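K.L.:
This is entry_35.pdb (PDB, C-alpha atoms).
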```
ATOM      1  CA  MET A 133      51.565 -59.923   1.064
ATOM      2  CA  ALA A 134      50.603 -58.337   4.362
ATOM      3  CA  SER A 135      47.354 -59.111   6.139
ATOM      4  CA  PRO A 136      44.776 -56.347   6.478
ATOM      5  CA  GLY A 137      45.654 -53.845   9.196
ATOM      6  CA  THR A 138      49.316 -54.791   9.422
ATOM      7  CA  VAL A 139      52.701 -53.333   8.545
ATOM      8  CA  ILE A 140      55.430 -55.875   7.781
ATOM      9  CA  ILE A 141      59.124 -55.043   7.715
ATOM     10  CA  SER A 142      61.344 -57.482   5.850
ATOM     11  CA  GLU A 143      64.841 -57.711   4.477
ATOM     12  CA  MET A 144      65.171 -56.133   1.067
ATOM     13  CA  ASN A 145      65.593 -58.604  -1.767
ATOM     14  CA  SER A 146      65.133 -56.298  -4.712
ATOM     15  CA  THR A 147      65.470 -52.642  -5.548
ATOM     16  CA  ARG A 148      64.497 -50.271  -8.270
ATOM     17  CA  ARG A 149      67.423 -48.376  -9.681
ATOM     18  CA  GLU A 150      65.477 -45.302 -10.636
ATOM     19  CA  ILE A 151      63.969 -42.894  -8.140
ATOM     20  CA  TRP A 152      60.454 -44.079  -7.824
ATOM     21  CA  SER A 153      57.392 -42.636  -6.176
ATOM     22  CA  ASP A 154      53.826 -43.675  -5.722
ATOM     23  CA  ILE A 155      50.606 -42.265  -4.335
ATOM     24  CA  HIS A 156      48.274 -44.020  -1.941
ATOM     25  CA  LEU A 157      44.813 -42.900  -0.996
ATOM     26  CA  TYR A 158      43.426 -43.067   2.496
ATOM     27  CA  THR A 159      39.705 -43.149   3.177
ATOM     28  CA  LYS A 160      37.991 -42.260   6.399
ATOM     29  CA  LEU A 161      36.371 -45.204   8.104
ATOM     30  CA  TYR A 162      33.104 -44.621   9.903
ATOM     31  CA  THR A 163      31.578 -46.724  12.596
ATOM     32  CA  PRO A 164      27.896 -46.373  13.536
ATOM     33  CA  GLU A 165      28.861 -44.823  16.871
ATOM     34  CA  ASP A 166      31.374 -42.484  15.325
ATOM     35  CA  ARG A 167      30.489 -38.844  15.036
ATOM     36  CA  GLN A 168      32.190 -36.084  13.162
ATOM     37  CA  ARG A 169      35.352 -35.084  14.975
ATOM     38  CA  GLY A 170      36.569 -31.553  15.230
ATOM     39  CA  TYR A 171      40.074 -32.418  14.125
ATOM     40  CA  PHE A 172      42.124 -34.470  11.710
ATOM     41  CA  ASP A 173      42.736 -37.856  13.262
ATOM     42  CA  PRO A 174      45.099 -40.116  11.261
ATOM     43  CA  SER A 175      43.873 -43.175  13.153
ATOM     44  CA  LEU A 176      40.508 -42.899  11.369
ATOM     45  CA  PHE A 177      42.003 -43.033   7.852
ATOM     46  CA  TYR A 178      42.729 -46.367   6.158
ATOM     47  CA  ASN A 179      44.334 -47.396   2.876
ATOM     48  CA  THR A 180      42.237 -49.450   0.489
ATOM     49  CA  GLU A 181      45.025 -51.169  -1.441
ATOM     50  CA  PRO A 182      48.200 -52.807  -0.089
ATOM     51  CA  PHE A 183      51.587 -51.436  -1.094
ATOM     52  CA  THR A 184      55.283 -52.111  -0.596
ATOM     53  CA  MET A 185      57.984 -49.503   0.002
ATOM     54  CA  ARG A 186      61.673 -49.826  -0.742
ATOM     55  CA  PHE A 187      64.494 -47.641   0.486
ATOM     56  CA  ASN A 188      64.936 -45.397  -2.539
ATOM     57  CA  GLU A 189      61.257 -44.642  -2.918
ATOM     58  CA  GLN A 190      59.067 -41.780  -1.847
ATOM     59  CA  HIS A 191      55.421 -42.571  -1.258
ATOM     60  CA  LYS A 192      52.766 -39.900  -0.898
ATOM     61  CA  LEU A 193      49.738 -40.475   1.266
ATOM     62  CA  LEU A 194      46.630 -38.470   0.421
ATOM     63  CA  MET A 195      43.191 -38.354   1.995
ATOM     64  CA  GLN A 196      40.175 -38.975  -0.162
ATOM     65  CA  GLY A 197      36.434 -39.173   0.274
ATOM     66  CA  ASP A 198      33.505 -36.826   0.382
ATOM     67  CA  SER A 199      34.054 -33.168   1.087
ATOM     68  CA  PHE A 200      32.724 -33.946   4.554
ATOM     69  CA  ASP A 201      35.634 -36.350   5.140
ATOM     70  CA  LYS A 202      38.242 -34.179   3.493
ATOM     71  CA  ALA A 203      37.241 -31.273   5.763
ATOM     72  CA  ASP A 204      39.139 -33.112   8.498
ATOM     73  CA  SER A 205      42.478 -32.528   6.812
ATOM     74  CA  THR A 206      41.610 -29.019   5.589
ATOM     75  CA  VAL A 207      43.581 -26.070   6.969
ATOM     76  CA  TYR A 208      43.378 -22.341   6.256
ATOM     77  CA  ARG A 209      46.181 -19.897   5.645
ATOM     78  CA  ALA A 210      46.732 -17.415   8.482
ATOM     79  CA  ARG A 211      49.055 -14.492   9.235
ATOM     80  CA  LEU A 212      49.524 -11.744  11.774
ATOM     81  CA  VAL A 213      48.083  -8.361  10.914
ATOM     82  CA  ASN A 214      48.962  -5.748  13.565
ATOM     83  CA  ASP A 215      49.734  -8.574  15.953
ATOM     84  CA  VAL A 216      46.288 -10.060  15.469
ATOM     85  CA  LEU A 217      45.881 -13.503  13.983
ATOM     86  CA  THR A 218      43.934 -13.224  10.743
ATOM     87  CA  ILE A 219      42.667 -16.371   9.090
ATOM     88  CA  ASP A 220      41.949 -15.992   5.399
ATOM     89  CA  LEU A 221      38.717 -17.881   4.900
ATOM     90  CA  ARG A 222      38.250 -16.439   1.391
ATOM     91  CA  GLN A 223      41.287 -18.225  -0.025
ATOM     92  CA  LYS A 224      40.849 -21.858  -0.865
ATOM     93  CA  PRO A 225      42.098 -23.965   2.035
ATOM     94  CA  GLY A 226      44.835 -26.549   1.712
ATOM     95  CA  GLN A 227      44.825 -30.219   2.514
ATOM     96  CA  LEU A 228      47.346 -32.067   4.617
ATOM     97  CA  CYS A 229      49.163 -34.991   3.069
ATOM     98  CA  TYR A 230      52.313 -36.948   3.854
ATOM     99  CA  ALA A 231      55.431 -37.963   1.956
ATOM    100  CA  VAL A 232      57.186 -40.940   3.504
ATOM    101  CA  THR A 233      60.546 -42.582   2.843
ATOM    102  CA  LEU A 234      62.182 -45.516   4.586
ATOM    103  CA  LEU A 235      64.863 -44.733   7.152
ATOM    104  CA  THR A 236      66.785 -48.003   6.840
ATOM    105  CA  PRO A 237      68.482 -48.976   3.564
ATOM    106  CA  ASN A 238      68.177 -52.758   3.640
ATOM    107  CA  VAL A 239      64.532 -53.289   4.423
ATOM    108  CA  THR A 240      61.218 -53.188   2.647
ATOM    109  CA  LEU A 241      57.992 -52.258   4.303
ATOM    110  CA  THR A 242      54.738 -53.855   3.214
ATOM    111  CA  VAL A 243      51.480 -52.250   4.255
ATOM    112  CA  GLY A 244      48.414 -54.455   4.192
ATOM    113  CA  PRO A 245      45.033 -53.194   3.073
ATOM    114  CA  LYS A 246      42.846 -51.421   5.649
ATOM    115  CA  THR A 247      45.823 -50.325   7.753
ATOM    116  CA  SER A 248      45.375 -47.134   9.720
ATOM    117  CA  LEU A 249      47.454 -44.155   8.721
ATOM    118  CA  SER A 250      48.555 -43.545  12.296
ATOM    119  CA  LEU A 251      49.946 -47.098  12.575
ATOM    120  CA  LEU A 252      52.069 -46.511   9.499
ATOM    121  CA  LEU A 253      53.257 -43.050  10.583
ATOM    122  CA  GLN A 254      54.193 -44.314  14.026
ATOM    123  CA  SER A 255      55.940 -47.459  12.798
ATOM    124  CA  GLY A 256      59.295 -45.872  13.568
ATOM    125  CA  GLN A 257      60.632 -46.940  10.165
ATOM    126  CA  LEU A 258      59.718 -43.840   8.184
ATOM    127  CA  HIS A 259      60.961 -40.365   7.597
ATOM    128  CA  VAL A 260      57.701 -38.435   7.422
ATOM    129  CA  THR A 261      57.285 -34.991   5.856
ATOM    130  CA  THR A 262      53.951 -33.239   6.172
ATOM    131  CA  TYR A 263      52.848 -31.276   3.128
ATOM    132  CA  MET A 264      50.112 -28.856   2.291
ATOM    133  CA  VAL A 265      48.538 -29.133  -1.150
ATOM    134  CA  THR A 266      45.703 -27.291  -2.809
ATOM    135  CA  GLU A 267      42.591 -29.246  -3.638
ATOM    136  CA  GLU A 268      43.383 -28.935  -7.359
ATOM    137  CA  LEU A 269      46.835 -30.419  -6.875
ATOM    138  CA  ALA A 270      45.431 -33.172  -4.681
ATOM    139  CA  ASN A 271      42.979 -34.042  -7.444
ATOM    140  CA  GLN A 272      45.775 -34.057 -10.025
ATOM    141  CA  LEU A 273      47.916 -36.314  -7.868
ATOM    142  CA  LYS A 274      45.024 -38.704  -7.422
ATOM    143  CA  GLN A 275      44.226 -38.705 -11.138
ATOM    144  CA  PRO A 276      46.481 -41.585 -12.256
ATOM    145  CA  LEU A 277      45.029 -43.873  -9.632
ATOM    146  CA  HIS A 278      41.518 -42.880 -10.667
ATOM    147  CA  GLU A 279      42.496 -43.780 -14.203
ATOM    148  CA  ILE A 280      43.843 -47.146 -13.087
ATOM    149  CA  ASN A 281      40.675 -47.796 -11.121
ATOM    150  CA  ARG A 282      38.567 -46.845 -14.137
ATOM    151  CA  VAL A 283      40.448 -49.274 -16.370
ATOM    152  CA  ARG A 284      40.281 -51.959 -13.683
ATOM    153  CA  SER A 285      36.580 -51.405 -13.382
ATOM    154  CA  GLN A 286      36.166 -51.742 -17.157
ATOM    155  CA  VAL A 287      38.235 -54.938 -17.202
ATOM    156  CA  ASN A 288      36.166 -56.352 -14.355
ATOM    157  CA  THR A 289      32.957 -55.463 -16.167
ATOM    158  CA  VAL A 290      34.118 -57.189 -19.338
ATOM    159  CA  ARG A 291      35.322 -60.206 -17.362
ATOM    160  CA  GLN A 292      32.017 -60.456 -15.528
ATOM    161  CA  ALA A 293      30.099 -60.134 -18.781
ATOM    162  CA  ALA A 294      32.254 -62.892 -20.274
ATOM    163  CA  LEU A 295      31.580 -65.121 -17.284
ATOM    164  CA  ASP A 296      27.866 -64.436 -17.548
ATOM    165  CA  ARG A 297      27.865 -65.233 -21.315
ATOM    166  CA  PRO A 298      30.450 -68.001 -21.823
ATOM    167  CA  GLU A 299      29.813 -68.248 -25.554
ATOM    168  CA  ARG A 300      31.350 -64.773 -25.913
ATOM    169  CA  ASP A 301      34.478 -65.552 -23.906
ATOM    170  CA  PRO A 302      37.269 -66.636 -26.319
ATOM    171  CA  ARG A 303      38.936 -68.712 -23.594
ATOM    172  CA  LYS A 304      35.744 -70.676 -23.047
ATOM    173  CA  ARG A 305      35.231 -71.071 -26.776
ATOM    174  CA  LYS A 306      38.693 -72.601 -26.977
ATOM    175  CA  ALA A 307      38.002 -74.809 -23.985
ATOM    176  CA  SER A 308      34.713 -75.979 -25.407
ATOM    177  CA  ALA A 309      36.375 -76.664 -28.752
ATOM    178  CA  LEU A 310      38.995 -78.812 -27.009
ATOM    179  CA  ASN A 311      36.264 -80.643 -25.140
ATOM    180  CA  ASN A 312      34.541 -81.425 -28.392
ATOM    181  CA  LEU A 313      37.593 -83.133 -29.913
ATOM    182  CA  SER A 314      36.269 -86.518 -28.961
ATOM    183  CA  THR A 315      33.087 -85.948 -30.899
ATOM    184  CA  PRO A 316      33.192 -86.808 -34.600
ATOM    185  CA  CYS A 317      34.178 -83.851 -36.770
ATOM    186  CA  ALA A 318      32.646 -82.838 -40.023
ATOM    187  CA  PRO A 319      34.765 -83.812 -43.067
ATOM    188  CA  TYR A 320      37.480 -81.305 -43.869
ATOM    189  CA  ARG A 321      36.859 -79.047 -46.788
ATOM    190  CA  PRO A 322      39.609 -76.610 -47.745
ATOM    191  CA  CYS A 323      38.230 -73.143 -48.190
ATOM    192  CA  SER A 324      41.110 -71.994 -50.303
ATOM    193  CA  PRO A 325      42.778 -73.768 -53.203
ATOM    194  CA  THR A 326      46.229 -72.851 -51.837
ATOM    195  CA  THR A 327      45.616 -74.624 -48.538
ATOM    196  CA  THR A 328      47.088 -78.094 -48.399
ATOM    197  CA  PRO A 329      44.601 -80.534 -46.921
ATOM    198  CA  PRO A 330      45.885 -82.479 -43.906
ATOM    199  CA  PRO A 331      46.717 -86.150 -44.460
ATOM    200  CA  TYR A 332      43.948 -88.584 -43.487
TER     201      TYR A 332
ATOM    202  CA  MET B 181      31.997 -16.065  35.577
ATOM    203  CA  PRO B 182      35.736 -15.450  35.449
ATOM    204  CA  LEU B 183      37.217 -12.048  34.854
ATOM    205  CA  ASN B 184      36.391 -10.840  31.377
ATOM    206  CA  LEU B 185      39.797 -10.563  29.718
ATOM    207  CA  LYS B 186      40.583  -7.626  27.510
ATOM    208  CA  THR B 187      42.751  -9.496  25.029
ATOM    209  CA  ARG B 188      40.641 -10.873  22.250
ATOM    210  CA  GLN B 189      43.069 -13.515  21.129
ATOM    211  CA  PRO B 190      44.824 -15.207  24.016
ATOM    212  CA  ARG B 191      47.298 -17.768  22.794
ATOM    213  CA  VAL B 192      47.617 -21.127  24.435
ATOM    214  CA  LEU B 193      50.496 -23.523  23.993
ATOM    215  CA  PHE B 194      50.123 -27.232  23.526
ATOM    216  CA  PHE B 195      53.117 -29.542  23.588
ATOM    217  CA  ASN B 196      53.272 -32.360  21.086
ATOM    218  CA  LYS B 197      54.796 -35.507  22.569
ATOM    219  CA  SER B 198      54.637 -37.573  19.398
ATOM    220  CA  GLU B 199      56.973 -37.520  16.416
ATOM    221  CA  GLU B 200      54.066 -36.714  14.138
ATOM    222  CA  PHE B 201      51.111 -34.474  14.760
ATOM    223  CA  ASP B 202      48.582 -36.348  16.840
ATOM    224  CA  PRO B 203      45.954 -34.422  18.860
ATOM    225  CA  GLU B 204      45.865 -37.371  21.235
ATOM    226  CA  GLN B 205      49.482 -36.608  22.121
ATOM    227  CA  CYS B 206      49.258 -32.812  22.489
ATOM    228  CA  TRP B 207      48.908 -31.482  26.032
ATOM    229  CA  SER B 208      48.042 -27.994  27.295
ATOM    230  CA  GLU B 209      50.828 -26.026  28.939
ATOM    231  CA  LYS B 210      48.625 -24.485  31.622
ATOM    232  CA  GLU B 211      45.036 -23.971  32.683
ATOM    233  CA  PHE B 212      42.986 -21.465  30.708
ATOM    234  CA  THR B 213      39.396 -20.324  30.409
ATOM    235  CA  VAL B 214      37.547 -19.632  27.181
ATOM    236  CA  ASN B 215      34.883 -16.929  27.453
ATOM    237  CA  PRO B 216      32.133 -16.354  24.896
ATOM    238  CA  ASN B 217      33.682 -13.137  23.561
ATOM    239  CA  GLU B 218      37.125 -14.580  22.890
ATOM    240  CA  GLU B 219      38.962 -16.295  20.113
ATOM    241  CA  HIS B 220      41.661 -18.473  21.573
ATOM    242  CA  VAL B 221      44.658 -19.383  19.451
ATOM    243  CA  LEU B 222      46.045 -22.830  20.160
ATOM    244  CA  LEU B 223      49.665 -23.184  19.082
ATOM    245  CA  ILE B 224      51.313 -26.556  18.953
ATOM    246  CA  ALA B 225      54.930 -26.471  20.023
ATOM    247  CA  SER B 226      57.542 -29.080  19.109
ATOM    248  CA  LEU B 227      55.632 -30.046  15.992
ATOM    249  CA  PRO B 228      57.268 -30.938  12.676
ATOM    250  CA  LYS B 229      57.003 -28.204  10.054
ATOM    251  CA  ILE B 230      54.490 -28.359   7.257
ATOM    252  CA  HIS B 231      55.756 -27.736   3.734
ATOM    253  CA  ILE B 232      53.943 -26.440   0.718
ATOM    254  CA  MET B 233      53.849 -28.564  -2.427
ATOM    255  CA  TRP B 234      52.890 -27.220  -5.826
ATOM    256  CA  LEU B 235      53.197 -27.928  -9.533
ATOM    257  CA  ASP B 236      55.549 -25.689 -11.508
ATOM    258  CA  GLU B 237      55.075 -24.602 -15.122
ATOM    259  CA  ASP B 238      56.536 -27.892 -16.362
ATOM    260  CA  LYS B 239      54.038 -29.834 -14.238
ATOM    261  CA  GLN B 240      56.838 -30.957 -11.930
ATOM    262  CA  LEU B 241      56.132 -31.257  -8.223
ATOM    263  CA  LYS B 242      57.987 -28.648  -6.185
ATOM    264  CA  SER B 243      58.166 -27.901  -2.481
ATOM    265  CA  ASN B 244      59.836 -25.330  -0.276
ATOM    266  CA  ASN B 245      63.212 -26.107   1.251
ATOM    267  CA  ILE B 246      62.551 -28.690   3.917
ATOM    268  CA  LEU B 247      65.569 -27.721   5.995
ATOM    269  CA  GLN B 248      65.004 -23.976   5.993
ATOM    270  CA  SER B 249      61.459 -22.730   5.824
ATOM    271  CA  GLY B 250      58.200 -24.290   6.782
ATOM    272  CA  HIS B 251      54.765 -23.650   8.133
ATOM    273  CA  PHE B 252      53.192 -24.426  11.453
ATOM    274  CA  LEU B 253      49.803 -25.708  12.433
ATOM    275  CA  GLY B 254      47.427 -24.138  14.932
ATOM    276  CA  TYR B 255      43.770 -23.934  15.844
ATOM    277  CA  SER B 256      41.491 -21.012  16.413
ATOM    278  CA  ILE B 257      38.601 -21.795  18.749
ATOM    279  CA  CYS B 258      35.518 -19.803  19.771
ATOM    280  CA  MET B 259      32.690 -20.744  22.058
ATOM    281  CA  LYS B 260      29.525 -21.911  20.335
ATOM    282  CA  GLN B 261      27.239 -20.873  23.169
ATOM    283  CA  GLN B 262      27.211 -17.333  24.474
ATOM    284  CA  ASP B 263      25.993 -18.118  27.996
ATOM    285  CA  MET B 264      28.770 -20.345  29.246
ATOM    286  CA  THR B 265      32.530 -20.571  29.645
ATOM    287  CA  VAL B 266      34.888 -23.521  29.402
ATOM    288  CA  THR B 267      37.887 -23.962  31.666
ATOM    289  CA  VAL B 268      40.602 -26.275  30.409
ATOM    290  CA  GLY B 269      42.984 -27.710  32.964
ATOM    291  CA  LYS B 270      46.741 -28.039  32.693
ATOM    292  CA  ASN B 271      47.943 -31.115  30.791
ATOM    293  CA  THR B 272      44.659 -31.589  28.946
ATOM    294  CA  LYS B 273      44.665 -33.406  25.617
ATOM    295  CA  LEU B 274      44.072 -31.259  22.562
ATOM    296  CA  SER B 275      41.795 -33.967  21.171
ATOM    297  CA  LEU B 276      39.526 -33.720  24.207
ATOM    298  CA  LEU B 277      39.212 -29.982  23.716
ATOM    299  CA  LEU B 278      38.578 -30.142  19.975
ATOM    300  CA  ASN B 279      36.153 -33.000  20.343
ATOM    301  CA  SER B 280      34.145 -31.420  23.156
ATOM    302  CA  ASP B 281      31.656 -29.905  20.681
ATOM    303  CA  HIS B 282      31.659 -26.616  22.601
ATOM    304  CA  PHE B 283      33.801 -24.744  20.076
ATOM    305  CA  TYR B 284      33.866 -23.567  16.521
ATOM    306  CA  VAL B 285      37.249 -24.854  15.388
ATOM    307  CA  VAL B 286      39.272 -23.474  12.469
ATOM    308  CA  PRO B 287      42.586 -25.209  11.771
ATOM    309  CA  PHE B 288      45.165 -22.885  10.252
ATOM    310  CA  PHE B 289      48.773 -22.824   9.118
ATOM    311  CA  MET B 290      51.176 -19.902   9.166
ATOM    312  CA  ASP B 291      54.753 -19.264   8.167
ATOM    313  CA  GLN B 292      57.638 -19.496  10.590
ATOM    314  CA  GLU B 293      58.081 -15.757  11.077
ATOM    315  CA  ASN B 294      54.459 -15.192  12.065
ATOM    316  CA  PHE B 295      54.430 -18.308  14.175
ATOM    317  CA  ILE B 296      57.452 -17.199  16.198
ATOM    318  CA  LYS B 297      55.915 -13.763  16.740
ATOM    319  CA  LEU B 298      52.737 -15.354  17.994
ATOM    320  CA  TYR B 299      54.668 -17.896  20.020
ATOM    321  CA  ASN B 300      56.654 -15.179  21.770
ATOM    322  CA  LYS B 301      53.592 -13.135  22.604
ATOM    323  CA  LYS B 302      53.008 -13.432  26.299
ATOM    324  CA  SER B 303      49.909 -15.375  27.065
ATOM    325  CA  ILE B 304      47.198 -13.529  28.944
ATOM    326  CA  ALA B 305      47.733 -15.838  31.919
ATOM    327  CA  ASP B 306      51.390 -14.718  32.130
ATOM    328  CA  THR B 307      50.430 -11.048  31.905
ATOM    329  CA  THR B 308      47.737 -11.357  34.552
ATOM    330  CA  ALA B 309      50.007 -13.331  36.867
ATOM    331  CA  ALA B 310      52.835 -10.797  36.473
ATOM    332  CA  ALA B 311      50.501  -7.886  37.241
ATOM    333  CA  ALA B 312      49.022  -9.576  40.290
ATOM    334  CA  ASP B 313      52.304 -10.828  41.716
ATOM    335  CA  PRO B 314      55.237  -8.564  40.791
ATOM    336  CA  ALA B 315      58.675 -10.044  41.296
ATOM    337  CA  PRO B 316      60.330  -8.947  44.577
ATOM    338  CA  LYS B 317      63.222  -6.499  44.236
TER     339      LYS B 317
END
```
If you convert what's in this file into structure tokens, what do you get?
P.N.:
Amino acid sequence: MASPGTVIISEMNSTRREIWSDIHLYTKLYTPEDRQRGYFDPSLFYNTEPFTMRFNEQHKLLMQGDSFDKADSTVYRARLVNDVLTIDLRQKPGQLCYAVTLLTPNVTLTVGPKTSLSLLLQSGQLHVTTYMVTEELANQLKQPLHEINRVRSQVNTVRQAALDRPERDPRKRKASALNNLSTPCAPYRPCSPTTTPPPY
Amino acid sequence: MPLNLKTRQPRVLFFNKSEEFDPEQCWSEKEFTVNPNEEHVLLIASLPKIHIMWLDEDKQLKSNNILQSGHFLGYSICMKQQDMTVTVGKNTKLSLLLNSDHFYVVPFFMDQENFIKLYNKKSIADTTAAAADPAPK
């Protein structure tokens, strides 16, 4: 496990046989003094969750956040018309994202949470390809992670509710039942004629 | 006020000194002045290509051939205020320019063919210099 804001390179001790890919979301970090920049600056984007890369894996790095944040990585399609640059502002713009793979076969790279995108890109260990995706595709790529986060959030809610109301948590019921073994039990009464009563 | 240039879209080259695109590592090729009536096109040389990714009919991710084609990044800038000009010195960081808050900035991408055409267009500084100082015979 890497500490926040760090990239750790280590010798590979396991590998996945299949070609494997994953998607990681980067969020723009604001400081009180920070103002909106006029350009996309990878050093301002940070991952929220740690991840580990192996050699045969491709990881995609996408920007997320409000439309205000995403505007940083937004670019418009342009072409030359009669030798004049014409930027098509009517078409939906694209978003920049990255696909990264490890350069060296026998290492793994672990990225801690809250590590800047620029630190990762400039680690010297990655083959980086810059991609342009539409906003729809970006949303589709992010969807599985949203789904995971939704399920995680539900699990956390249930867990918290169980902690708040221990009588509804089956684990606590079991624990409390075990704790009560020392207390005298009520006499056993079989509820079914087929059940053999335990020996006294 | 500097001479009002006739070309509406002077192009300016910036050289990227990083492996990845980083405006902190892009430096202007030469000095240039942005007047209120101009749209300057900032092209970033020695920058890795950008590829397009899309979903095909089978919902499989596809991208253009990484080795062959690709797209290039640039910026179009215009002055926000109409009563001033901005002169940018040689070897100035792109980030400083974009962050100066004096310009409307539109990032764009274009295919290789268009990029090369634009890249090979003589900058207005070259044209002016050639006209003022013709090469001796």
K.L.:
Check every residue of chain B for an atom within 9 Å of chain A, counting only C-alpha atoms, and provide those that qualify as a JSON list (two decimals) with C-alpha atoms, keeping the file's coordinate frame.
P.N.:
```json
[["chain", "number", "residue", "atom", "x", "y", "z"],
["B", 188, "ARG", "CA", 40.64, -10.87, 22.25],
["B", 189, "GLN", "CA", 43.07, -13.52, 21.13],
["B", 198, "SER", "CA", 54.64, -37.57, 19.40],
["B", 199, "GLU", "CA", 56.97, -37.52, 16.42],
["B", 200, "GLU", "CA", 54.07, -36.71, 14.14],
["B", 201, "PHE", "CA", 51.11, -34.47, 14.76],
["B", 202, "ASP", "CA", 48.58, -36.35, 16.84],
["B", 203, "PRO", "CA", 45.95, -34.42, 18.86],
["B", 204, "GLU", "CA", 45.86, -37.37, 21.24],
["B", 221, "VAL", "CA", 44.66, -19.38, 19.45],
["B", 228, "PRO", "CA", 57.27, -30.94, 12.68],
["B", 229, "LYS", "CA", 57.00, -28.20, 10.05],
["B", 230, "ILE", "CA", 54.49, -28.36, 7.26],
["B", 231, "HIS", "CA", 55.76, -27.74, 3.73],
["B", 232, "ILE", "CA", 53.94, -26.44, 0.72],
["B", 233, "MET", "CA", 53.85, -28.56, -2.43],
["B", 234, "TRP", "CA", 52.89, -27.22, -5.83],
["B", 235, "LEU", "CA", 53.20, -27.93, -9.53],
["B", 243, "SER", "CA", 58.17, -27.90, -2.48],
["B", 246, "ILE", "CA", 62.55, -28.69, 3.92],
["B", 253, "LEU", "CA", 49.80, -25.71, 12.43],
["B", 256, "SER", "CA", 41.49, -21.01, 16.41],
["B", 275, "SER", "CA", 41.80, -33.97, 21.17],
["B", 278, "LEU", "CA", 38.58, -30.14, 19.98],
["B", 279, "ASN", "CA", 36.15, -33.00, 20.34],
["B", 280, "SER", "CA", 34.15, -31.42, 23.16],
["B", 281, "ASP", "CA", 31.66, -29.90, 20.68],
["B", 283, "PHE", "CA", 33.80, -24.74, 20.08],
["B", 284, "TYR", "CA", 33.87, -23.57, 16.52],
["B", 285, "VAL", "CA", 37.25, -24.85, 15.39],
["B", 286, "VAL", "CA", 39.27, -23.47, 12.47],
["B", 287, "PRO", "CA", 42.59, -25.21, 11.77],
["B", 288, "PHE", "CA", 45.16, -22.88, 10.25],
["B", 289, "PHE", "CA", 48.77, -22.82, 9.12],
["B", 290, "MET", "CA", 51.18, -19.90, 9.17],
["B", 291, "ASP", "CA", 54.75, -19.26, 8.17],
["B", 294, "ASN", "CA", 54.46, -15.19, 12.06],
["B", 295, "PHE", "CA", 54.43, -18.31, 14.18],
["B", 297, "LYS", "CA", 55.92, -13.76, 16.74],
["B", 298, "LEU", "CA", 52.74, -15.35, 17.99],
["B", 301, "LYS", "CA", 53.59, -13.14, 22.60]]
```
K.L.:
I'd like to know which of B:Asn271, B:Gln240, B:Gln292, B:Thr265 is closest to Gln205 (chain B), using only C-alpha atoms.
P.N.:
B:Asn271
K.L.:
Rounded to one decimal, what separation in Å do you get between CA of Met185 (chain A) and CA of Ser135 (chain A)?
P.N.:
15.6 Å
K.L.:
Please compute the CA of Leu249 (chain A)-CA of Thr159 (chain A) distance, one decimal, in Å.
P.N.:
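The value is 9.6 Å.
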K.L.:
Pick the closest to His156 (chain A) from A:Leu176, A:Ala134, A:Leu193, A:Leu241: which is it, counting only C-alpha atoms?
P.N.:
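For His156 (chain A), the nearest of the candidates is A:Leu193.
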K.L.:
In file coordinates, which residues lie within 8 Å of (56.0, -31.8, 21.5) using all atoms listed in the file, given as a list in words?
P.N.:
Phe194, Phe195, Asn196, Lys197, Ser198, Glu199, Cys206, Ile224, Ala225, Ser226 and Leu227 of chain B
K.L.:
Would you mind telling me which residue in A:Ser248, A:Thr236, A:Gln196, A:Gln190 lies nearest to Phe177 (chain A) when using all atoms listed in the file?
P.N.:
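So, comparing all the options, the nearest one is A:Ser248.
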